[in-house]
Structures are given as structure tokens and as C-alpha cells.
Amino acid sequence: MRIRPVRMARWSARHPWRAIVGWFVFVLLCLGAGIVAGSNPATTEDFWVGEAGHAESMATDGGLQRRPTEHILIRAGSGPLDPERAAAAARDLTARMEALPEVADVAPPVRSKDGTALRVTVVMNGAELDGRKNVVPLLDRTAQVAAAHPDLVVEETGSPAISKGVNDQRGEDLALSERLSLPVTLVILLVVFGSVVMAGVPLLLALSSIAATMGLAMLASHLMPDPGVGTNMILLMGLAVGVDYTLFYLKREREERARAAGRLSPEALVELAAATAGRAVVVSGLAVIVCTATLYLATDVIFSSLATGTVLVVAVAVLSSLTVLPALLVKLGHRDERRAAKKAARRAKRGAPARTTTAKPENGRIFGALMRPAQRHPAITLCVSVLVMLAVAAPAVGLKLIDPGKDTFSRSIPAMRVYDRLTAAYPELLVKHEVVSRATPGRAPEVRQALTELGRRAQADPLFARTGQPVVRTSADGRTSVLELAVPHPAPSDEAIASLDHLRHRYIPATVGELTSVDTAVSGDVARGQDYVHHERDKLPLVIGFLLLLTFVTTAVAFRSVVVGLLGVVLNLLSAAAAMGALVLVFQGTWAEGLLDFDSLGAIASRVPLFLFVLLFGLSMDYQVFVVSRIKEAMEHGMTAREAVLDGIARSAKVVTSAALVMVTIFAAFVFLHLTEMKQMGFCLAVAVLLDAVVIRMMVLPSALLLLGERAWRPLRPTRGKDTGVRPAPAGSAAPAGPSVPHVG
């Protein structure tokens, strides 16, 4: 399929109002269709992975699946707990909870060993993931009981309450990131363009692209369920690439305008910009989409949602830059012409001479200083830059992964503070392993006996809690049996992980594992996390292999150079590795906790490295495409390889750095959020983009290309004609057409 950005821009430029109205109708239709269709949320089954997923599947088939559960903690406001008052509050709570349709069962109160607290456990109706949206009535009842017994502290926690708190906090964090990033982005654009209107255009298109993508994502969720994380990525990437693509296009149009010096119409200028920046935007967007699509190979509902959100928002951002942006530029161009004509008329009336404009240099002193080492000493610059990047990447060798569970959530969430008090009084509630066995109905007594023996052996292990006689639940059809074992250690701890290892490799093989034709598996918080991490590690080589291959093919085909394709892969690897090293250095230790306001997990959230590796490749391709496009254009217009490299880097340095600052601002805003996982993502992305734009694109890339010379541009096939397909209609005498770019298609 051949992509014709020039034709699209030409039509948009000649029919600006149709294009503008059509774009906003498209946005409203997408958003409206999404709202009407609604979102299809992921279910518990969508998260099943590995042995833990198999265990949960067997338990669900037998009707013994995990239910959403809340714990209400009753303790004294001051002094010792009065047993009679606590019992009265528990009876009041039980009566109120049992009247709710969301409640399936209320267990009898359980007194803590030290006598300082009373616990009431409430089992909710519905699936495990439904608890978050159904927990509000329970929280209201708990608040009513607390108000009715002011001498006691009555507070609630549990996975549903914690999930609701995390969800609420995520919403507040996203609003905070918008308040931080939008003003700073606007200031950067004002500095770049010196005009409020021109600075507002990128933000307008980015926000409208986000709105359209939100609707499309709701529709897409009916094909791939939405686990609730796609919105974060749409906002993050939509603002970043939406502003970037518009920025590149706007800067190119202004360059063509300065070159034409009033001799070309706004329509012709837009076509010239489309022939260069428009095609580069298409190649860049396709590169990001291709890179991100490799996440589907991970066969994980969260990665699939993140990939879908990113692919959709990048595609919509590219579409906006090829359709509505040319129309807006034409309207703004005619407005500027009218203003210039009025100013010229006023000056003529006063008898003042016509004002002349002097072309501004492409880059200032800062950019010149950054580019000078590569220009004068490419070999030394290349070696030093690569060594610095490798030094930053070195800590990545010690990368440790962890699946962040509720123990890692921010304590600013009220339910988490209650959770800490609950588990301090009842440590057996920290972790539960669930051993699930399935056999023929006639073997139920045999399976129960083996599971009971397993429980006795496990409770003799100091890693497990001693909770009395093991209790085995059996399904109504006698096929499925479940044993729960408590562990008095947090889920991410070494002790909890060791207890899972003992259970799977020592106690099960010696008991129920000896029974023939009995299928046994372990689930629970620890098993879920460990199996998820192992699942991602198994998929990592496949995803990275395809990522490297597709990145090479995309770059090599776009620029018709095997060497440039290989160089792009190597530089992207270097950039991603350095960002990962910085991430491990900052977040895996404790030295930066006070600086960035987080509690170190001693590891990196398991989803972060794979997702960031893929996304960083896509973002690096952004700058690779725009910089190399400039170099290739210069070569096609007669410059030597050395001249083309210096000219292309000089012409793209300011706009690439400005775009990078926008991205860094957007990503860095996530460092101020509460969720450690989001902090890690935002920090890593911000560091990666900054290193890529400054070190890779202004030092490593030009040094490498200068050393390679003409050898870097050996084509896969002869370059076809230099005609870009632009046929501008000059307003006055013709001005030189802008340079061409590699054909995309």
C-alpha cells in the first residue's frame, strides 16, 4: 500500500473547512460510538497465567473460586479494648452487612491473640474483580457503625477496598500529571514558536486525538478486554507523540515559508511540508506502531491493552497531522498574510520603508557546542559517548523483577493503612496459598486425606502459620478439593516465595502428588506473582527478537540502507539499555527514596522492563526517522555524505530537542505520582528520551555516520526519481521547492 501524505495535504489545504469540520466530526463519532458501546472490562479469567492460572481454573469449575473478601477491624480508640463494647459493635456490623445484596456471608468475630482487636470477615457476592465496584455500600455500613460506636475505631480493608483506593488514587494522579505537564508543554511550545496560536495548535490536535482514541479503545475492548490500564497509556503517549508530530510538521512549514519569502501561497507551503515532514511523520508513526505491536506476542491482557492504546493513539495522531493540520496551517497562513498586508499598508501611508526580515540561524550556541565534538573528532566522540552510555547501562545487569501486589501500594490510601494494622494483629492474613486438586468424584475422600496430610506437614514448617487443623473444601460434585495454607510473611518477601517453593517441590510431591490421575496446582498471591514473572521472562526473547527484526526492516526499507538499519537497531539498544540502567540505579536501591518520594521495592515492577523496552524502541525510532530523513534529503540534493550529515543534524537539532523536551516534561510528570510502577515508567521514559535526543542523535549518530561516510548509504535498490509529487501554485514568482525525502510505501 502506498501512502500519499502529499495528496492528503493537498486536498486538506484546498478544502480547509471541510477538513477541519470533518476531523472534529470524526472525533465526536469515535467518542460517541465508544460511549454507546461501553467498555468491556477484563475478567478474572483474563489474568490467569501459568500453574496459578490452572489452579484457579480448576477451582472455578468446581465453584470454589476465590471470592472478594473484606475485613472490618474493631479496636479501642484509646486504652485496652472493652470486649463487651467490641462484641456489640460486631453484632451491629453483622446485622447491617447481612442486609446488603452485595454480601454473601458474614463470619463470626475473631479476636486477635493479644486481645487488642476484633475482626469481622465479610464475603461478597460476584467475581473477584467485581469487588472493587461493589464495595462502596460495605464501606458506607462500616462508617455508620463507626459513627454509632464513637468510643471504638471501626475501619475496613480488603482487596476490594484497596483496589478501589488504588483506582481513585490513579485518577487523582492522572489529573495531577495533566496539571503539571500541560502548562510546561505550552511554555516550551511558546518558546519554540513565539506565538500563542501556533503553540496551541499542537495541544489542540493532541487532546482531540486522545479523545478520539478513548472512544476507539472502548470499541476495541470488545475484541480484547480492558484491564483498566489502557487509559493511562493513551493519555501519556497521546500527548507526547501528538505534540511531537505536529511540532515537526509546523517547524517544516515555517522553514518553507521563510525560504519562499512570500512568493508561495499557504497551500503550496503546506504541500511542500507534507512532502518532507508529512512523509517522515508517517514513517515514524508506522515505526512506533510496529514496535509496540510486538507486545501482543507476550499473550498478556495488560500488555495487549497497553499495545492497543498506544497503536490507536499513534495512528490517530498521524492521521490528524496529515488531515486537519494542513487545513489549520492554511487558515493561519491566510490570516498572517492579511495581517502582513495591513501592516505594510500602514507603513506605506506613513512613508516608512518596507520591513525586511533576516533569517535566523538554524541553531544557537548550545546546539553548536553539542554538535562540535562529533564534527571535529568523530572517532573520539563516538568512543567516549558509547562508553558513557554503557556505564549508565551497567546497573541493568543486576535487574531484579517483582510482581507488585497490595503490599507495595502507597500508604496514603486509607485501606492500606488499615491493612497494615490488620496484618499486624492477624499475621496469618498476609498470604494464603491455595492448593487445588481435581480427580474423579469417587476419589474425594482419598484426595481430602492427602491434602490434610499436606497441611499438617506444611504447618510444621516455620515458613507457614499454625492455624489449627487443616480444612479442605470439596465441590458439590466431589471432583475438586481446595486447601488453604496461611503464611505470616508479605507476598514479595523471600520467606513467602520460599514457602511456595517448599509447597510445590517438597510437600505436594510427598502427599497428594503421589496419587495417580490427580491434577494438583497451587495458586494464591505469591503463586500469581511468581508465575506472572516467569511467564514474562519466557516471552521476553520472542518479543525482543521480533522487535529487533521489525526495527531493522522498517529502517532499512524506509532509507534503502542496510547499514542505516543496523545502526538504528544498535543505537536503540544502547539508548534502551542506558535507560534501564538508570532505572535500576535509582529505584532498586534506597538512596533516592527521599528525593523521588517512594518506598523501594528492592526490585523493578515485572511489567516495566518489557513494556519500556518496546516503547523506548518506538520512541527512539521517532528521532531516528526525523534526523536521518534530513540527512538523506541533503544527499539526494547533491551534498557529500559528510556535508549531508552535518547539514541534516544542524537542521533537525533544535526541533528534535524541542520535541524531546516536550516528551520529557510529559513523562517526568509521572514521577510525581503515588504508584511506584508509574513512577518507574515515567522516570525511565524521561531519561531515555533525554539521552536519545542529546547523546545518541547529536553525538553518537553523527559520529558513526561521519566515520562510515558513503558506505552508510549503500541502497537496497536504486533510488527512484527525486520528484516529491509536489506541484505548488505560487502566489508570485516561483520559489525553490523543498527537498525530497525517501519514498514511503
# chains A, B, ... in the order shown; residues from 1 in each chain; ligands from 1
>>> closest_atom_pairs(of="stretch 569-619 of chain A", to="stretch 284-305 of chain A", cutoff="9 Å", atoms="only C-alpha atoms", output="tab-separated table")
residue	atom	partner	partner_atom	distance
A:Arg607	CA	A:Phe303	CA	8.1
A:Leu610	CA	A:Leu295	CA	8.3
A:Phe611	CA	A:Phe303	CA	7.3
A:Val614	CA	A:Thr292	CA	5.9
A:Leu615	CA	A:Thr292	CA	6.1
A:Phe617	CA	A:Cys291	CA	6.7
A:Gly618	CA	A:Val288	CA	4.1
A:Leu619	CA	A:Val288	CA	6.5
>>> residues_around(residues="A:Phe626", least_positions_apart="3", cutoff="10 Å", atoms="only C-alpha atoms", output="PyMOL selection string")
chain A and resi 248+276-277+279-281+283-284+621-623+629-631+648-649+652-653+655-656
>>> residues_around(residues="stretch 168-181 of chain A", least_positions_apart="6", cutoff="6 Å", atoms="only C-alpha atoms", output="ChimeraX atom specification")
/A:665-666,669,673
>>> residues_around(residues="A:Glu593", least_positions_apart="6", cutoff="12 Å", atoms="only C-alpha atoms", output="PyMOL selection string")
chain A and resi 585-587+599-602+671+676+679
>>> residues_around(residues="stretch 452-463 of chain A", least_positions_apart="6", cutoff="10 Å", atoms="only C-alpha atoms", output="ChimeraX atom specification")
/A:435,446,469-472,483-489,495-500,502-503,506-513
>>> write_last_selection(atoms="N, CA and C atoms", output="mmCIF file, in the first residue's frame")
data_model
loop_
_atom_site.group_PDB
_atom_site.id
_atom_site.type_symbol
_atom_site.label_atom_id
_atom_site.label_comp_id
_atom_site.auth_asym_id
_atom_site.auth_seq_id
_atom_site.Cartn_x
_atom_site.Cartn_y
_atom_site.Cartn_z
ATOM 1 N N VAL A 435 -4.075 -24.741 47.464
ATOM 2 C CA VAL A 435 -3.737 -25.986 46.772
ATOM 3 C C VAL A 435 -5.034 -26.582 46.230
ATOM 4 N N GLU A 446 -9.985 -39.850 49.395
ATOM 5 C CA GLU A 446 -8.548 -40.078 49.277
ATOM 6 C C GLU A 446 -7.809 -38.761 49.077
ATOM 7 N N GLN A 469 -6.202 -27.355 62.787
ATOM 8 C CA GLN A 469 -6.447 -28.456 61.864
ATOM 9 C C GLN A 469 -6.705 -27.938 60.448
ATOM 10 N N PRO A 470 -5.947 -28.442 59.444
ATOM 11 C CA PRO A 470 -6.187 -28.015 58.059
ATOM 12 C C PRO A 470 -7.610 -28.326 57.620
ATOM 13 N N VAL A 471 -8.219 -27.373 56.907
ATOM 14 C CA VAL A 471 -9.595 -27.519 56.434
ATOM 15 C C VAL A 471 -9.575 -27.656 54.919
ATOM 16 N N VAL A 472 -10.179 -28.732 54.431
ATOM 17 C CA VAL A 472 -10.254 -28.981 52.990
ATOM 18 C C VAL A 472 -11.693 -28.794 52.538
ATOM 19 N N LEU A 483 -7.347 -26.675 49.523
ATOM 20 C CA LEU A 483 -6.739 -26.493 50.840
ATOM 21 C C LEU A 483 -6.075 -25.126 50.881
ATOM 22 N N GLU A 484 -6.371 -24.323 51.912
ATOM 23 C CA GLU A 484 -5.738 -23.019 52.088
ATOM 24 C C GLU A 484 -4.692 -23.110 53.190
ATOM 25 N N LEU A 485 -3.529 -22.541 52.928
ATOM 26 C CA LEU A 485 -2.438 -22.525 53.891
ATOM 27 C C LEU A 485 -1.969 -21.091 54.088
ATOM 28 N N ALA A 486 -1.913 -20.655 55.337
ATOM 29 C CA ALA A 486 -1.531 -19.276 55.648
ATOM 30 C C ALA A 486 -0.021 -19.164 55.830
ATOM 31 N N VAL A 487 0.507 -18.003 55.415
ATOM 32 C CA VAL A 487 1.932 -17.694 55.555
ATOM 33 C C VAL A 487 2.048 -16.327 56.215
ATOM 34 N N PRO A 488 2.720 -16.212 57.357
ATOM 35 C CA PRO A 488 2.790 -14.930 58.075
ATOM 36 C C PRO A 488 3.883 -14.004 57.556
ATOM 37 N N HIS A 489 4.044 -13.910 56.244
ATOM 38 C CA HIS A 489 5.060 -13.055 55.639
ATOM 39 C C HIS A 489 4.447 -12.338 54.440
ATOM 40 N N GLU A 495 10.755 -15.035 52.301
ATOM 41 C CA GLU A 495 10.147 -16.128 53.069
ATOM 42 C C GLU A 495 8.883 -16.643 52.394
ATOM 43 N N ALA A 496 8.049 -15.713 51.896
ATOM 44 C CA ALA A 496 6.811 -16.131 51.232
ATOM 45 C C ALA A 496 7.115 -16.889 49.941
ATOM 46 N N ILE A 497 8.106 -16.424 49.188
ATOM 47 C CA ILE A 497 8.485 -17.105 47.945
ATOM 48 C C ILE A 497 9.063 -18.480 48.258
ATOM 49 N N ALA A 498 9.864 -18.570 49.338
ATOM 50 C CA ALA A 498 10.430 -19.865 49.731
ATOM 51 C C ALA A 498 9.331 -20.832 50.158
ATOM 52 N N SER A 499 8.295 -20.319 50.827
ATOM 53 C CA SER A 499 7.200 -21.207 51.245
ATOM 54 C C SER A 499 6.488 -21.803 50.028
ATOM 55 N N LEU A 500 6.350 -21.010 48.955
ATOM 56 C CA LEU A 500 5.737 -21.536 47.732
ATOM 57 C C LEU A 500 6.622 -22.622 47.130
ATOM 58 N N HIS A 502 8.725 -24.591 48.735
ATOM 59 C CA HIS A 502 8.596 -25.785 49.583
ATOM 60 C C HIS A 502 7.301 -26.523 49.275
ATOM 61 N N LEU A 503 6.244 -25.758 49.104
ATOM 62 C CA LEU A 503 4.939 -26.363 48.870
ATOM 63 C C LEU A 503 4.907 -27.119 47.545
ATOM 64 N N ARG A 506 8.249 -29.842 47.544
ATOM 65 C CA ARG A 506 8.525 -30.749 48.645
ATOM 66 C C ARG A 506 7.259 -31.426 49.169
ATOM 67 N N TYR A 507 6.273 -30.622 49.570
ATOM 68 C CA TYR A 507 5.122 -31.202 50.256
ATOM 69 C C TYR A 507 4.098 -31.820 49.302
ATOM 70 N N ILE A 508 3.845 -31.187 48.173
ATOM 71 C CA ILE A 508 2.876 -31.764 47.226
ATOM 72 C C ILE A 508 3.385 -33.084 46.643
ATOM 73 N N PRO A 509 4.648 -33.157 46.169
ATOM 74 C CA PRO A 509 5.117 -34.449 45.640
ATOM 75 C C PRO A 509 5.069 -35.579 46.665
ATOM 76 N N ALA A 510 5.227 -35.238 47.965
ATOM 77 C CA ALA A 510 5.266 -36.276 49.002
ATOM 78 C C ALA A 510 3.882 -36.676 49.491
ATOM 79 N N THR A 511 2.846 -35.948 49.092
ATOM 80 C CA THR A 511 1.493 -36.263 49.589
ATOM 81 C C THR A 511 0.534 -36.484 48.422
ATOM 82 N N VAL A 512 -0.203 -35.455 48.078
ATOM 83 C CA VAL A 512 -1.203 -35.609 47.019
ATOM 84 C C VAL A 512 -0.558 -35.885 45.669
ATOM 85 N N GLY A 513 0.697 -35.511 45.521
ATOM 86 C CA GLY A 513 1.395 -35.769 44.274
ATOM 87 C C GLY A 513 1.640 -37.238 44.016
#
>>> residues_around(residues="A:Pro702", least_positions_apart="6", cutoff="8 Å", atoms="only C-alpha atoms", output="list in words")
Ala374, Gln375, Pro378, Val645, Leu646 and Ile649 of chain A
>>> write_last_selection(atoms="C-alpha atoms", output="mmCIF file, in the first residue's frame")
data_model
loop_
_atom_site.group_PDB
_atom_site.id
_atom_site.type_symbol
_atom_site.label_atom_id
_atom_site.label_comp_id
_atom_site.auth_asym_id
_atom_site.auth_seq_id
_atom_site.Cartn_x
_atom_site.Cartn_y
_atom_site.Cartn_z
ATOM 1 C CA ALA A 374 31.238 14.922 16.556
ATOM 2 C CA GLN A 375 32.118 17.323 13.753
ATOM 3 C CA PRO A 378 34.110 11.826 15.383
ATOM 4 C CA VAL A 645 25.346 14.583 7.951
ATOM 5 C CA LEU A 646 26.393 17.971 9.284
ATOM 6 C CA ILE A 649 21.924 17.221 12.129
#
>>> select_by_dssp(residues="stretch 425-528 of chain A", states="helix (DSSP H, G or I)", output="ChimeraX atom specification")
/A:425,427-429,441-459,494-510,512-514,525-528
>>> residues_around(residues="A:Gly333", least_positions_apart="2", cutoff="12 Å", atoms="only C-alpha atoms", output="count of residues only")
29
>>> closest_residue(among="A:Ala273, A:Ala199, A:Val154, A:Met214", to="A:Glu256", atoms="only C-alpha atoms")
A:Ala273
>>> decode(residues="stretch 125-139 of chain A", atoms="all heavy atoms", output="tab-separated table (two decimals), in the first residue's frame")
chain	number	residue	atom	x	y	z
A	125	ASN	N	-20.66	-11.18	47.22
A	125	ASN	CA	-21.16	-11.89	46.04
A	125	ASN	C	-20.38	-11.46	44.81
A	125	ASN	O	-19.76	-10.39	44.78
A	125	ASN	CB	-22.65	-11.59	45.82
A	125	ASN	CG	-23.53	-12.31	46.82
A	125	ASN	OD1	-23.38	-13.51	47.04
A	125	ASN	ND2	-24.46	-11.58	47.45
A	126	GLY	N	-20.46	-12.27	43.76
A	126	GLY	CA	-19.85	-11.90	42.49
A	126	GLY	C	-18.42	-12.38	42.35
A	126	GLY	O	-17.84	-12.99	43.26
A	127	ALA	N	-17.85	-12.07	41.19
A	127	ALA	CA	-16.47	-12.47	40.88
A	127	ALA	C	-15.48	-11.61	41.65
A	127	ALA	O	-15.82	-10.53	42.16
A	127	ALA	CB	-16.21	-12.35	39.38
A	128	GLU	N	-14.24	-12.07	41.71
A	128	GLU	CA	-13.22	-11.38	42.49
A	128	GLU	C	-13.01	-9.94	42.03
A	128	GLU	O	-12.92	-9.02	42.86
A	128	GLU	CB	-11.90	-12.15	42.39
A	128	GLU	CG	-10.80	-11.62	43.26
A	128	GLU	CD	-9.52	-12.42	43.13
A	128	GLU	OE1	-9.51	-13.42	42.38
A	128	GLU	OE2	-8.53	-12.05	43.79
A	129	LEU	N	-12.96	-9.71	40.72
A	129	LEU	CA	-12.72	-8.36	40.22
A	129	LEU	C	-13.93	-7.44	40.36
A	129	LEU	O	-13.79	-6.23	40.23
A	129	LEU	CB	-12.28	-8.42	38.75
A	129	LEU	CG	-10.89	-9.01	38.49
A	129	LEU	CD1	-10.56	-8.93	37.00
A	129	LEU	CD2	-9.82	-8.30	39.30
A	130	ASP	N	-15.11	-8.02	40.61
A	130	ASP	CA	-16.30	-7.18	40.79
A	130	ASP	C	-16.31	-6.49	42.14
A	130	ASP	O	-17.09	-5.56	42.36
A	130	ASP	CB	-17.57	-8.03	40.64
A	130	ASP	CG	-17.77	-8.53	39.23
A	130	ASP	OD1	-17.20	-7.91	38.31
A	130	ASP	OD2	-18.47	-9.53	39.05
A	131	GLY	N	-15.47	-6.96	43.07
A	131	GLY	CA	-15.48	-6.40	44.41
A	131	GLY	C	-15.19	-4.92	44.45
A	131	GLY	O	-15.77	-4.18	45.26
A	132	ARG	N	-14.32	-4.45	43.56
A	132	ARG	CA	-13.92	-3.03	43.57
A	132	ARG	C	-15.11	-2.10	43.35
A	132	ARG	O	-15.23	-1.07	43.99
A	132	ARG	CB	-12.87	-2.79	42.49
A	132	ARG	CG	-12.38	-1.37	42.38
A	132	ARG	CD	-11.27	-1.27	41.36
A	132	ARG	NE	-11.69	-1.70	40.04
A	132	ARG	CZ	-10.86	-1.92	39.03
A	132	ARG	NH1	-9.57	-1.78	39.20
A	132	ARG	NH2	-11.32	-2.30	37.85
A	133	LYS	N	-16.01	-2.47	42.44
A	133	LYS	CA	-17.15	-1.60	42.16
A	133	LYS	C	-18.32	-1.84	43.09
A	133	LYS	O	-19.24	-1.02	43.16
A	133	LYS	CB	-17.59	-1.77	40.70
A	133	LYS	CG	-18.01	-3.18	40.32
A	133	LYS	CD	-18.31	-3.28	38.83
A	133	LYS	CE	-18.72	-4.70	38.45
A	133	LYS	NZ	-18.95	-4.84	36.99
A	134	ASN	N	-18.32	-2.98	43.81
A	134	ASN	CA	-19.44	-3.30	44.71
A	134	ASN	C	-19.15	-3.01	46.17
A	134	ASN	O	-20.01	-3.24	47.03
A	134	ASN	CB	-19.82	-4.78	44.56
A	134	ASN	CG	-20.35	-5.11	43.17
A	134	ASN	OD1	-20.90	-4.25	42.50
A	134	ASN	ND2	-20.18	-6.35	42.74
A	135	VAL	N	-17.95	-2.52	46.48
A	135	VAL	CA	-17.55	-2.39	47.87
A	135	VAL	C	-18.06	-1.10	48.53
A	135	VAL	O	-18.07	-0.99	49.76
A	135	VAL	CB	-16.00	-2.45	47.98
A	135	VAL	CG1	-15.37	-1.15	47.51
A	135	VAL	CG2	-15.58	-2.79	49.40
A	136	VAL	N	-18.53	-0.16	47.75
A	136	VAL	CA	-18.94	1.14	48.32
A	136	VAL	C	-20.03	0.99	49.38
A	136	VAL	O	-19.93	1.59	50.47
A	136	VAL	CB	-19.39	2.10	47.20
A	136	VAL	CG1	-19.94	3.39	47.80
A	136	VAL	CG2	-18.22	2.41	46.28
A	137	PRO	N	-21.10	0.20	49.16
A	137	PRO	CA	-22.12	0.04	50.22
A	137	PRO	C	-21.53	-0.54	51.50
A	137	PRO	O	-21.97	-0.17	52.61
A	137	PRO	CB	-23.15	-0.91	49.59
A	137	PRO	CG	-22.97	-0.74	48.11
A	137	PRO	CD	-21.52	-0.50	47.92
A	138	LEU	N	-20.56	-1.43	51.39
A	138	LEU	CA	-19.95	-2.00	52.59
A	138	LEU	C	-19.16	-0.94	53.35
A	138	LEU	O	-19.21	-0.89	54.59
A	138	LEU	CB	-19.02	-3.17	52.22
A	138	LEU	CG	-19.67	-4.52	51.94
A	138	LEU	CD1	-20.41	-4.51	50.60
A	138	LEU	CD2	-18.64	-5.64	51.96
A	139	LEU	N	-18.44	-0.10	52.62
A	139	LEU	CA	-17.70	0.98	53.27
A	139	LEU	C	-18.66	1.95	53.97
A	139	LEU	O	-18.35	2.46	55.07
A	139	LEU	CB	-16.85	1.72	52.24
A	139	LEU	CG	-15.70	0.93	51.61
A	139	LEU	CD1	-15.10	1.68	50.43
A	139	LEU	CD2	-14.62	0.63	52.65
